Amino acid sequence: MKLLVATSNAGKLVEIREILAGIALELLSLREVRLPAPDETGATFHDNAAQKSTICARQSGLWTLADDSGLCVDALCGAPGVHSARYAPTDQERRARLLQALRGIPEEKRTAYFFCAVALSPPEGERILRAEGQVDGSIALEERGTNGFGYDPLFLPA
């Protein structure tokens, strides 16, 4: 069975392929089916995931899995939140902006969480599955490690 993963984020696609590796699915990316990534205009992670899964399912004629995820920092009133990918132009600039925003905030007040909302839609485009997950943690004072992408070098799971 073919499953479209509605993302243009290469790092996210690698993670999803690893998670679903044991399942007999042919995973396709937006690039492989020549579709653009829909704009994320929702107010919540769930809104964005549902919007992407339904639009891409209708356009591709394939079952479509979409997610929207981001980093929510308590000291920044939940920012960058749904704007995590658009907080700055590159991963490195996003991390630098986050560290600058948290400058002077003590370690014990740098609590944060990664939130992920997932939606699955059939080719007709109606969302049939919705799931979410959250990992609590905090933001380091400086980047650590070399694995991961996005905010991973700053996030310390609880």
# chains A, B, ... in the order shown; residues from 1 in each chain; ligands from 1

call {"tool": "residues_around", "arguments": {"residues": "Ala49 of chain A", "least_positions_apart": "2", "cutoff": "7 Å", "atoms": "only C-alpha atoms", "output": "PyMOL selection string"}}
result
chain A and resi 45-47+51-53+66-68+117-119

call {"tool": "write_last_selection", "arguments": {"atoms": "N, CA and C atoms", "output": "PDB file, in the first residue's frame"}}
result
ATOM      1  N   PHE A  45      -1.576  23.037  16.158  1.00  0.00           N
ATOM      2  CA  PHE A  45      -0.876  21.940  15.498  1.00  0.00           C
ATOM      3  C   PHE A  45      -1.881  20.991  14.845  1.00  0.00           C
ATOM      4  N   HIS A  46      -2.985  20.706  15.541  1.00  0.00           N
ATOM      5  CA  HIS A  46      -4.011  19.815  14.979  1.00  0.00           C
ATOM      6  C   HIS A  46      -4.613  20.394  13.706  1.00  0.00           C
ATOM      7  N   ASP A  47      -4.898  21.684  13.714  1.00  0.00           N
ATOM      8  CA  ASP A  47      -5.449  22.333  12.514  1.00  0.00           C
ATOM      9  C   ASP A  47      -4.516  22.151  11.318  1.00  0.00           C
ATOM     10  N   GLN A  51      -5.293  19.958   7.978  1.00  0.00           N
ATOM     11  CA  GLN A  51      -5.315  20.698   6.714  1.00  0.00           C
ATOM     12  C   GLN A  51      -4.382  20.048   5.697  1.00  0.00           C
ATOM     13  N   LYS A  52      -3.155  19.726   6.112  1.00  0.00           N
ATOM     14  CA  LYS A  52      -2.192  19.118   5.194  1.00  0.00           C
ATOM     15  C   LYS A  52      -2.643  17.738   4.740  1.00  0.00           C
ATOM     16  N   SER A  53      -3.158  16.918   5.675  1.00  0.00           N
ATOM     17  CA  SER A  53      -3.539  15.556   5.281  1.00  0.00           C
ATOM     18  C   SER A  53      -4.719  15.558   4.323  1.00  0.00           C
ATOM     19  N   ALA A  66      -0.043  13.271   7.741  1.00  0.00           N
ATOM     20  CA  ALA A  66       0.567  14.593   7.921  1.00  0.00           C
ATOM     21  C   ALA A  66       0.734  14.870   9.400  1.00  0.00           C
ATOM     22  N   ASP A  67       1.740  15.633   9.706  1.00  0.00           N
ATOM     23  CA  ASP A  67       1.905  16.045  11.092  1.00  0.00           C
ATOM     24  C   ASP A  67       2.250  17.521  11.126  1.00  0.00           C
ATOM     25  N   ASP A  68       2.031  18.091  12.266  1.00  0.00           N
ATOM     26  CA  ASP A  68       2.567  19.410  12.553  1.00  0.00           C
ATOM     27  C   ASP A  68       3.108  19.320  13.959  1.00  0.00           C
ATOM     28  N   ALA A 117       1.161  16.743  16.454  1.00  0.00           N
ATOM     29  CA  ALA A 117      -0.195  16.331  16.084  1.00  0.00           C
ATOM     30  C   ALA A 117      -0.104  15.630  14.733  1.00  0.00           C
ATOM     31  N   VAL A 118      -0.809  14.498  14.608  1.00  0.00           N
ATOM     32  CA  VAL A 118      -0.784  13.698  13.387  1.00  0.00           C
ATOM     33  C   VAL A 118      -2.206  13.515  12.888  1.00  0.00           C
ATOM     34  N   ALA A 119      -2.373  13.551  11.575  1.00  0.00           N
ATOM     35  CA  ALA A 119      -3.679  13.296  10.963  1.00  0.00           C
ATOM     36  C   ALA A 119      -3.481  12.353   9.775  1.00  0.00           C
TER      37      ALA A 119
END

call {"tool": "residues_around", "arguments": {"residues": "segment 77-85 of chain A", "least_positions_apart": "3", "cutoff": "12 Å", "atoms": "only C-alpha atoms", "output": "number ranges by chain"}}
result
A: 8-9, 12, 39-49, 67-74, 88-95, 97-99, 101-102, 109-117, 149-151

call {"tool": "write_last_selection", "arguments": {"atoms": "C-alpha atoms", "output": "short mmCIF file (atom, residue, chain, number, x, y, z; two decimals), in the first residue's frame"}}
result
data_model
loop_
_atom_site.label_atom_id
_atom_site.label_comp_id
_atom_site.auth_asym_id
_atom_site.auth_seq_id
_atom_site.Cartn_x
_atom_site.Cartn_y
_atom_site.Cartn_z
CA SER A 8 8.83 18.68 2.57
CA ASN A 9 11.04 18.50 5.68
CA LYS A 12 10.93 14.70 9.46
CA ASP A 39 0.61 26.51 3.63
CA GLU A 40 0.23 26.05 7.38
CA THR A 41 -2.45 28.57 8.25
CA GLY A 42 -4.06 26.84 11.22
CA ALA A 43 -4.13 28.24 14.74
CA THR A 44 -3.12 24.89 16.28
CA PHE A 45 -0.88 21.94 15.50
CA HIS A 46 -4.01 19.82 14.98
CA ASP A 47 -5.45 22.33 12.51
CA ASN A 48 -2.28 22.30 10.43
CA ALA A 49 -1.93 18.50 10.42
CA ASP A 67 1.91 16.04 11.09
CA ASP A 68 2.57 19.41 12.55
CA SER A 69 4.93 19.70 15.43
CA GLY A 70 6.87 22.29 17.25
CA LEU A 71 8.63 23.47 20.33
CA CYS A 72 6.69 25.31 23.02
CA VAL A 73 8.73 27.20 25.62
CA ASP A 74 6.92 28.13 28.82
CA ALA A 88 13.73 32.12 11.52
CA PRO A 89 14.89 31.07 8.02
CA THR A 90 17.24 28.17 8.95
CA ASP A 91 17.57 25.63 11.76
CA GLN A 92 20.74 27.34 12.96
CA GLU A 93 19.08 30.77 12.96
CA ARG A 94 16.02 29.40 14.77
CA ARG A 95 18.22 27.96 17.52
CA ARG A 97 16.98 33.25 18.02
CA LEU A 98 15.63 30.93 20.72
CA LEU A 99 18.82 31.18 22.78
CA ALA A 101 15.08 35.07 23.55
CA LEU A 102 15.98 33.00 26.63
CA LYS A 109 12.67 28.41 34.22
CA ARG A 110 13.59 27.09 30.75
CA THR A 111 10.92 24.38 30.71
CA ALA A 112 9.55 23.42 27.33
CA TYR A 113 7.89 20.63 25.40
CA PHE A 114 7.81 19.27 21.90
CA PHE A 115 4.26 18.72 20.67
CA CYS A 116 3.26 16.67 17.65
CA ALA A 117 -0.19 16.33 16.08
CA PHE A 149 17.60 18.52 13.35
CA GLY A 150 15.64 21.65 14.14
CA TYR A 151 15.66 22.41 17.84
#

call {"tool": "residues_around", "arguments": {"residues": "Leu25 of chain A", "least_positions_apart": "3", "cutoff": "12 Å", "atoms": "only C-alpha atoms", "output": "list in words"}}
result
Met1, Lys2, Leu3, Leu4, Val5, Ile16, Arg17, Glu18, Ile19, Leu20, Ala21, Gly22, Leu28, Trp63, Thr64 and Leu65 of chain A

call {"tool": "atom_distance", "arguments": {"atom1": "atom CA of Leu120 of chain A", "atom2": "atom CA of Pro157 of chain A"}}
result
27.0 Å

call {"tool": "select_by_dssp", "arguments": {"residues": "chain A", "states": "strand (DSSP E or B)", "output": "MDAnalysis selection string"}}
result
chainID A and resid 2:5 26:29 63:73 80 111:121 129:139 155:157

call {"tool": "closest_residue", "arguments": {"among": "A:Leu154, A:Asn147, A:Arg34, A:Pro122", "to": "Gly11 of chain A", "atoms": "only C-alpha atoms"}}
result
A:Asn147

call {"tool": "closest_residue", "arguments": {"among": "A:Leu76, A:Ile55, A:Pro153, A:Ala158", "to": "Leu35 of chain A", "atoms": "only C-alpha atoms"}}
result
A:Ile55

call {"tool": "select_by_dssp", "arguments": {"residues": "chain A", "states": "helix (DSSP H, G or I)", "output": "ChimeraX atom specification"}}
result
/A:10-19,45-60,74-76,81-86,91-101,107-109,152-154

call {"tool": "closest_residue", "arguments": {"among": "A:Ala75, A:Pro38, A:Leu62, A:Glu15", "to": "Pro123 of chain A", "atoms": "only C-alpha atoms"}}
result
A:Leu62

call {"tool": "atom_distance", "arguments": {"atom1": "atom CA of Glu124 of chain A", "atom2": "atom CA of Arg58 of chain A"}}
result
5.6 Å
